[in-house]
Structures are given as structure tokens and as C-alpha cells.
Amino acid sequence: MDKWDHRFMQLTEQVGTWASCLRRKVGAVIVRDKRVMTTGYNGAPGGIVSCVERGECLREKLGIESGTRHELCFAAHAEQNAIIQAAKYGINISGSTLYCTHQPCVICAKMIINAGIVRVVYREGYPDEFSMQLFEEAGTKIEKYEEVE
């Protein structure tokens with residue numbers, strides 16, 4: 001890890017503070033050639049009332065275990081929102097690095113692989129070993145971020 005990894009990981013933490021999820025604050029930043037291409041945080045799609053605004057988490061209300069049943073959530077994941085933002089604004093993210101506060105889930109892993117992102121750097125683990133298997137099989141480099149002293 002180098003100083004640029006450190007800088008972009010700091011940015012993911014800031015972006016994560018914008019999340020409208022009560023359970024977890026996740027931030028993602030897609031970078032190519034040391035330039036930020038897009039950002040994303042976990043939150044409800046435009047026009048949908050977020051969990052923060054509702055005052056409750058649907059997943060907690062239904063007793064859904066972390067890492068399962070991703071479809072039962074009002075929020076899109078930070079990685080998804082960063083990729084969607086690139087598509088919406090015509091930004092080429094092929095060959096880029098995705099920095100994220102948390103290890104991507106399997107749904108995000110599939111999107112990351114198909115978007116042509118070649119490297120993923122994350123800070124916190126996530127209970128989804130299948131995503132790691134997909135990254136390995138696809139040849140996507142995945143690294144757990146270790147703080148530089």
C-alpha cells in the first residue's frame with residue numbers, strides 16, 4: 001500500500017458518512033490514474049424514502065442476517081452506486097481501482113468484474129466468501145487495506 005491508497009481510503013470514509021443506511025455506513029471511490037472517477041455510498045435510490053428518513057431498518061425489522069438476502073433492503077450498495085454513476089455520466093471505469101470501506105458482497109463483485117475494474121482495496125471484512133472466490137477466478141486483484149504508519 002502506498003500514500004495514494006491511503007488518500008483514497010480516507011476519502012471512502014468521508015463518502016461513507018453520506019450513507020442513508022442505519023446499519024452500516026459504506027463509501028466507495030473508483031479511481032484511475034490517481035484520479036477520482038466516481039464515488040458512491042449506500043443509500044436508497046432517488047425518490048425512495050431511506051431508512052434514516054423512515055426511522056427504521058427493514059433488514060433489522062425482518063431479522064435478516066448480514067450478508068444475506070440483499071434484495072430486501074431499500075439501499076443500493078456503495079459500489080453499485082459508484083458504478084451506476086459512471087454509467088449515468090458516461091465515465092469509462094475499465095482498468096480502474098475501486099476503494100471501499102467494506103469488502104464487496106457477491107452482487108457487487110459481479111458488477112465490479114463486469115465493469116472491468118481490475119483492483120479492489122477494502123478496509124473491513126464482510127461475511128461473503130463467494131465474492132472473494134469470484135474475484136480470484138476473474139483475476140481481479142483484491143487487497144485488504146492495512147493502515148500505513
# chains A, B, ... in the order shown; residues from 1 in each chain; ligands from 1

$ select_by_dssp --residues "range 34-149 of chain A" --states "helix (DSSP H, G or I)" --output "number ranges by chain"
A: 51-54, 58-62, 78-88, 106-114, 129-138

$ residues_around --residues "range 80-87 of chain A" --least-positions-apart "5" --cutoff "10 Å" --atoms "only C-alpha atoms" --output "PDB file with C-alpha atoms, in the first residue's frame"
ATOM      1  CA  GLY A  27     -18.274   4.515   0.965  1.00  0.00           C
ATOM      2  CA  ALA A  28     -16.708   3.664  -2.388  1.00  0.00           C
ATOM      3  CA  VAL A  29     -14.393   5.575  -4.701  1.00  0.00           C
ATOM      4  CA  ILE A  30     -13.429   4.492  -8.216  1.00  0.00           C
ATOM      5  CA  MET A  37     -13.729   8.916 -11.476  1.00  0.00           C
ATOM      6  CA  THR A  38     -16.849   8.408  -9.314  1.00  0.00           C
ATOM      7  CA  THR A  39     -17.974   7.947  -5.738  1.00  0.00           C
ATOM      8  CA  GLY A  40     -20.821   6.041  -4.138  1.00  0.00           C
ATOM      9  CA  TYR A  41     -22.354   5.395  -0.752  1.00  0.00           C
ATOM     10  CA  ASN A  42     -25.060   3.018   0.384  1.00  0.00           C
ATOM     11  CA  GLY A  43     -28.461   4.599   0.204  1.00  0.00           C
ATOM     12  CA  ALA A  44     -31.946   4.461  -1.222  1.00  0.00           C
ATOM     13  CA  PRO A  45     -32.422   5.201  -4.931  1.00  0.00           C
ATOM     14  CA  ALA A  75     -30.455   0.877  -0.203  1.00  0.00           C
ATOM     15  CA  ASN A  92     -15.144   4.791 -18.504  1.00  0.00           C
ATOM     16  CA  ILE A  93     -14.055   2.875 -15.406  1.00  0.00           C
ATOM     17  CA  LEU A  98     -12.322   0.543  -6.551  1.00  0.00           C
ATOM     18  CA  PRO A 104     -17.839  -6.160  -1.601  1.00  0.00           C
ATOM     19  CA  ILE A 107     -23.704  -8.988  -6.137  1.00  0.00           C
ATOM     20  CA  CYS A 108     -21.260  -6.079  -6.134  1.00  0.00           C
ATOM     21  CA  ALA A 109     -18.393  -8.421  -7.054  1.00  0.00           C
ATOM     22  CA  MET A 111     -20.807  -5.820 -11.171  1.00  0.00           C
ATOM     23  CA  ILE A 112     -17.187  -4.893 -10.403  1.00  0.00           C
ATOM     24  CA  ALA A 115     -17.385  -3.189 -15.244  1.00  0.00           C
ATOM     25  CA  ILE A 117     -12.456  -2.838 -12.534  1.00  0.00           C
TER      26      ILE A 117
END

$ select_by_dssp --residues "chain A" --states "strand (DSSP E or B)" --output "NGL selection string"
:A and (27-32 or 35-41 or 43 or 76 or 97-102 or 119-124 or 141-144)

$ write_last_selection --atoms "N, CA and C atoms" --output "mmCIF file, in the first residue's frame"
data_model
loop_
_atom_site.group_PDB
_atom_site.id
_atom_site.type_symbol
_atom_site.label_atom_id
_atom_site.label_comp_id
_atom_site.auth_asym_id
_atom_site.auth_seq_id
_atom_site.Cartn_x
_atom_site.Cartn_y
_atom_site.Cartn_z
ATOM 1 N N GLY A 27 -18.663 3.588 2.020
ATOM 2 C CA GLY A 27 -18.274 4.515 0.965
ATOM 3 C C GLY A 27 -17.400 3.811 -0.051
ATOM 4 N N ALA A 28 -17.519 4.227 -1.315
ATOM 5 C CA ALA A 28 -16.708 3.664 -2.388
ATOM 6 C C ALA A 28 -16.203 4.790 -3.284
ATOM 7 N N VAL A 29 -15.006 4.605 -3.790
ATOM 8 C CA VAL A 29 -14.393 5.575 -4.701
ATOM 9 C C VAL A 29 -13.735 4.787 -5.825
ATOM 10 N N ILE A 30 -14.056 5.137 -7.062
ATOM 11 C CA ILE A 30 -13.429 4.492 -8.216
ATOM 12 C C ILE A 30 -12.378 5.446 -8.775
ATOM 13 N N VAL A 31 -11.168 4.920 -8.937
ATOM 14 C CA VAL A 31 -10.006 5.729 -9.294
ATOM 15 C C VAL A 31 -9.285 5.111 -10.488
ATOM 16 N N ARG A 32 -8.838 5.967 -11.399
ATOM 17 C CA ARG A 32 -7.960 5.532 -12.486
ATOM 18 C C ARG A 32 -6.892 6.597 -12.661
ATOM 19 N N ARG A 35 -6.796 9.523 -10.287
ATOM 20 C CA ARG A 35 -7.889 10.494 -10.423
ATOM 21 C C ARG A 35 -9.196 9.843 -10.005
ATOM 22 N N VAL A 36 -9.973 10.542 -9.206
ATOM 23 C CA VAL A 36 -11.276 10.041 -8.798
ATOM 24 C C VAL A 36 -12.223 10.126 -9.989
ATOM 25 N N MET A 37 -12.784 8.977 -10.361
ATOM 26 C CA MET A 37 -13.729 8.916 -11.476
ATOM 27 C C MET A 37 -15.167 9.066 -10.973
ATOM 28 N N THR A 38 -15.517 8.335 -9.915
ATOM 29 C CA THR A 38 -16.849 8.408 -9.314
ATOM 30 C C THR A 38 -16.768 8.035 -7.847
ATOM 31 N N THR A 39 -17.836 8.351 -7.130
ATOM 32 C CA THR A 39 -17.974 7.947 -5.738
ATOM 33 C C THR A 39 -19.354 7.318 -5.549
ATOM 34 N N GLY A 40 -19.517 6.608 -4.464
ATOM 35 C CA GLY A 40 -20.821 6.041 -4.138
ATOM 36 C C GLY A 40 -20.909 5.746 -2.652
ATOM 37 N N TYR A 41 -22.096 5.779 -2.143
ATOM 38 C CA TYR A 41 -22.354 5.395 -0.752
ATOM 39 C C TYR A 41 -23.638 4.597 -0.732
ATOM 40 N N GLY A 43 -27.277 3.794 -0.039
ATOM 41 C CA GLY A 43 -28.461 4.599 0.204
ATOM 42 C C GLY A 43 -29.578 4.267 -0.766
ATOM 43 N N ALA A 76 -29.172 0.798 -2.233
ATOM 44 C CA ALA A 76 -28.213 0.210 -3.168
ATOM 45 C C ALA A 76 -26.852 0.328 -2.488
ATOM 46 N N THR A 97 -9.359 1.130 -10.226
ATOM 47 C CA THR A 97 -9.332 0.552 -8.879
ATOM 48 C C THR A 97 -10.541 1.056 -8.127
ATOM 49 N N LEU A 98 -11.212 0.159 -7.413
ATOM 50 C CA LEU A 98 -12.322 0.543 -6.551
ATOM 51 C C LEU A 98 -11.840 0.449 -5.110
ATOM 52 N N TYR A 99 -11.912 1.560 -4.402
ATOM 53 C CA TYR A 99 -11.609 1.597 -2.970
ATOM 54 C C TYR A 99 -12.935 1.577 -2.237
ATOM 55 N N CYS A 100 -13.015 0.802 -1.158
ATOM 56 C CA CYS A 100 -14.278 0.685 -0.442
ATOM 57 C C CYS A 100 -14.022 0.465 1.045
ATOM 58 N N THR A 101 -14.900 1.005 1.848
ATOM 59 C CA THR A 101 -14.762 0.827 3.294
ATOM 60 C C THR A 101 -14.946 -0.629 3.696
ATOM 61 N N HIS A 102 -15.718 -1.401 2.912
ATOM 62 C CA HIS A 102 -16.020 -2.791 3.243
ATOM 63 C C HIS A 102 -15.783 -3.706 2.041
ATOM 64 N N ARG A 119 -8.855 -3.865 -9.789
ATOM 65 C CA ARG A 119 -8.301 -3.932 -8.427
ATOM 66 C C ARG A 119 -9.328 -3.398 -7.456
ATOM 67 N N VAL A 120 -9.443 -4.079 -6.316
ATOM 68 C CA VAL A 120 -10.343 -3.650 -5.247
ATOM 69 C C VAL A 120 -9.531 -3.583 -3.961
ATOM 70 N N VAL A 121 -9.635 -2.456 -3.263
ATOM 71 C CA VAL A 121 -8.984 -2.279 -1.970
ATOM 72 C C VAL A 121 -10.079 -1.983 -0.956
ATOM 73 N N TYR A 122 -10.130 -2.751 0.132
ATOM 74 C CA TYR A 122 -11.173 -2.569 1.148
ATOM 75 C C TYR A 122 -10.563 -2.581 2.544
ATOM 76 N N ARG A 123 -11.285 -2.003 3.495
ATOM 77 C CA ARG A 123 -10.800 -1.936 4.880
ATOM 78 C C ARG A 123 -11.417 -3.028 5.757
ATOM 79 N N GLU A 124 -12.727 -3.103 5.806
ATOM 80 C CA GLU A 124 -13.436 -4.023 6.706
ATOM 81 C C GLU A 124 -13.884 -5.270 5.953
ATOM 82 N N LYS A 141 -7.682 -8.254 -8.766
ATOM 83 C CA LYS A 141 -6.809 -8.151 -7.598
ATOM 84 C C LYS A 141 -7.617 -7.570 -6.444
ATOM 85 N N ILE A 142 -7.616 -8.241 -5.296
ATOM 86 C CA ILE A 142 -8.348 -7.740 -4.135
ATOM 87 C C ILE A 142 -7.403 -7.700 -2.945
ATOM 88 N N GLU A 143 -7.387 -6.542 -2.278
ATOM 89 C CA GLU A 143 -6.439 -6.333 -1.181
ATOM 90 C C GLU A 143 -7.154 -5.746 0.023
ATOM 91 N N LYS A 144 -6.852 -6.306 1.190
ATOM 92 C CA LYS A 144 -7.348 -5.728 2.435
ATOM 93 C C LYS A 144 -6.394 -4.600 2.812
#

$ atom_distance --atom1 "CA of Glu147 in chain A" --atom2 "CA of Gln103 in chain A"
15.6 Å

$ atom_distance --atom1 "CA of Ser131 in chain A" --atom2 "CA of His70 in chain A"
13.3 Å

$ closest_residue --among "A:Glu13, A:Glu53, A:Asp33, A:Glu146" --to "Ala78 in chain A" --atoms "only C-alpha atoms"
A:Glu13

$ residues_around --residues "Phe130 in chain A" --least-positions-apart "3" --cutoff "8 Å" --atoms "only C-alpha atoms" --output "ChimeraX atom specification"
/A:106,133-134

$ residues_around --residues "Leu72 in chain A" --least-positions-apart "4" --cutoff "12 Å" --atoms "only C-alpha atoms" --output "list in words"
Ala44, Cys57, Leu58, Arg59, Glu60, Lys61, Leu62, Gly63, Ile64, Glu65, Ser66, Gly67, Thr68 and Ala76 of chain A

$ write_last_selection --atoms "N, CA, C and O atoms" --output "PDB file, in the first residue's frame"
ATOM      1  N   ALA A  44     -30.757   4.718  -0.415  1.00  0.00           N
ATOM      2  CA  ALA A  44     -31.946   4.461  -1.222  1.00  0.00           C
ATOM      3  C   ALA A  44     -31.842   5.162  -2.575  1.00  0.00           C
ATOM      4  O   ALA A  44     -31.273   6.250  -2.680  1.00  0.00           O
ATOM      5  N   CYS A  57     -34.689   0.228  10.058  1.00  0.00           N
ATOM      6  CA  CYS A  57     -34.029  -0.592   9.054  1.00  0.00           C
ATOM      7  C   CYS A  57     -34.931  -1.784   8.748  1.00  0.00           C
ATOM      8  O   CYS A  57     -35.275  -2.550   9.651  1.00  0.00           O
ATOM      9  N   LEU A  58     -35.321  -1.921   7.494  1.00  0.00           N
ATOM     10  CA  LEU A  58     -36.169  -3.037   7.076  1.00  0.00           C
ATOM     11  C   LEU A  58     -35.510  -4.371   7.406  1.00  0.00           C
ATOM     12  O   LEU A  58     -36.159  -5.303   7.873  1.00  0.00           O
ATOM     13  N   ARG A  59     -34.209  -4.482   7.177  1.00  0.00           N
ATOM     14  CA  ARG A  59     -33.488  -5.734   7.416  1.00  0.00           C
ATOM     15  C   ARG A  59     -33.495  -6.109   8.892  1.00  0.00           C
ATOM     16  O   ARG A  59     -33.679  -7.274   9.240  1.00  0.00           O
ATOM     17  N   GLU A  60     -33.302  -5.125   9.756  1.00  0.00           N
ATOM     18  CA  GLU A  60     -33.366  -5.404  11.194  1.00  0.00           C
ATOM     19  C   GLU A  60     -34.784  -5.772  11.615  1.00  0.00           C
ATOM     20  O   GLU A  60     -34.993  -6.686  12.403  1.00  0.00           O
ATOM     21  N   LYS A  61     -35.753  -5.053  11.076  1.00  0.00           N
ATOM     22  CA  LYS A  61     -37.161  -5.321  11.375  1.00  0.00           C
ATOM     23  C   LYS A  61     -37.539  -6.763  11.020  1.00  0.00           C
ATOM     24  O   LYS A  61     -38.281  -7.422  11.750  1.00  0.00           O
ATOM     25  N   LEU A  62     -36.996  -7.249   9.876  1.00  0.00           N
ATOM     26  CA  LEU A  62     -37.302  -8.605   9.417  1.00  0.00           C
ATOM     27  C   LEU A  62     -36.336  -9.665   9.968  1.00  0.00           C
ATOM     28  O   LEU A  62     -36.502 -10.851   9.688  1.00  0.00           O
ATOM     29  N   GLY A  63     -35.329  -9.232  10.732  1.00  0.00           N
ATOM     30  CA  GLY A  63     -34.370 -10.172  11.323  1.00  0.00           C
ATOM     31  C   GLY A  63     -33.455 -10.829  10.297  1.00  0.00           C
ATOM     32  O   GLY A  63     -33.077 -11.988  10.444  1.00  0.00           O
ATOM     33  N   ILE A  64     -33.071 -10.079   9.263  1.00  0.00           N
ATOM     34  CA  ILE A  64     -32.230 -10.624   8.191  1.00  0.00           C
ATOM     35  C   ILE A  64     -30.763 -10.519   8.591  1.00  0.00           C
ATOM     36  O   ILE A  64     -30.268  -9.457   8.949  1.00  0.00           O
ATOM     37  N   GLU A  65     -30.076 -11.644   8.515  1.00  0.00           N
ATOM     38  CA  GLU A  65     -28.668 -11.726   8.874  1.00  0.00           C
ATOM     39  C   GLU A  65     -27.798 -10.975   7.862  1.00  0.00           C
ATOM     40  O   GLU A  65     -28.075 -11.009   6.658  1.00  0.00           O
ATOM     41  N   SER A  66     -26.758 -10.328   8.347  1.00  0.00           N
ATOM     42  CA  SER A  66     -25.819  -9.610   7.485  1.00  0.00           C
ATOM     43  C   SER A  66     -25.231 -10.563   6.452  1.00  0.00           C
ATOM     44  O   SER A  66     -24.935 -11.717   6.750  1.00  0.00           O
ATOM     45  N   GLY A  67     -25.079 -10.078   5.217  1.00  0.00           N
ATOM     46  CA  GLY A  67     -24.500 -10.876   4.150  1.00  0.00           C
ATOM     47  C   GLY A  67     -25.493 -11.758   3.412  1.00  0.00           C
ATOM     48  O   GLY A  67     -25.110 -12.517   2.532  1.00  0.00           O
ATOM     49  N   THR A  68     -26.780 -11.655   3.758  1.00  0.00           N
ATOM     50  CA  THR A  68     -27.802 -12.481   3.116  1.00  0.00           C
ATOM     51  C   THR A  68     -28.957 -11.613   2.641  1.00  0.00           C
ATOM     52  O   THR A  68     -29.131 -10.486   3.093  1.00  0.00           O
ATOM     53  N   ALA A  76     -29.172   0.798  -2.233  1.00  0.00           N
ATOM     54  CA  ALA A  76     -28.213   0.210  -3.168  1.00  0.00           C
ATOM     55  C   ALA A  76     -26.852   0.328  -2.488  1.00  0.00           C
ATOM     56  O   ALA A  76     -26.601   1.255  -1.707  1.00  0.00           O
TER      57      ALA A  76
END

$ closest_residue --among "A:Gly139, A:Gln14, A:Val118, A:Asp128" --to "Gly95 in chain A" --atoms "only C-alpha atoms"
A:Val118

$ closest_residue --among "A:Lys88, A:Arg23, A:Lys34, A:Glu79" --to "Phe8 in chain A" --atoms "only C-alpha atoms"
A:Lys34
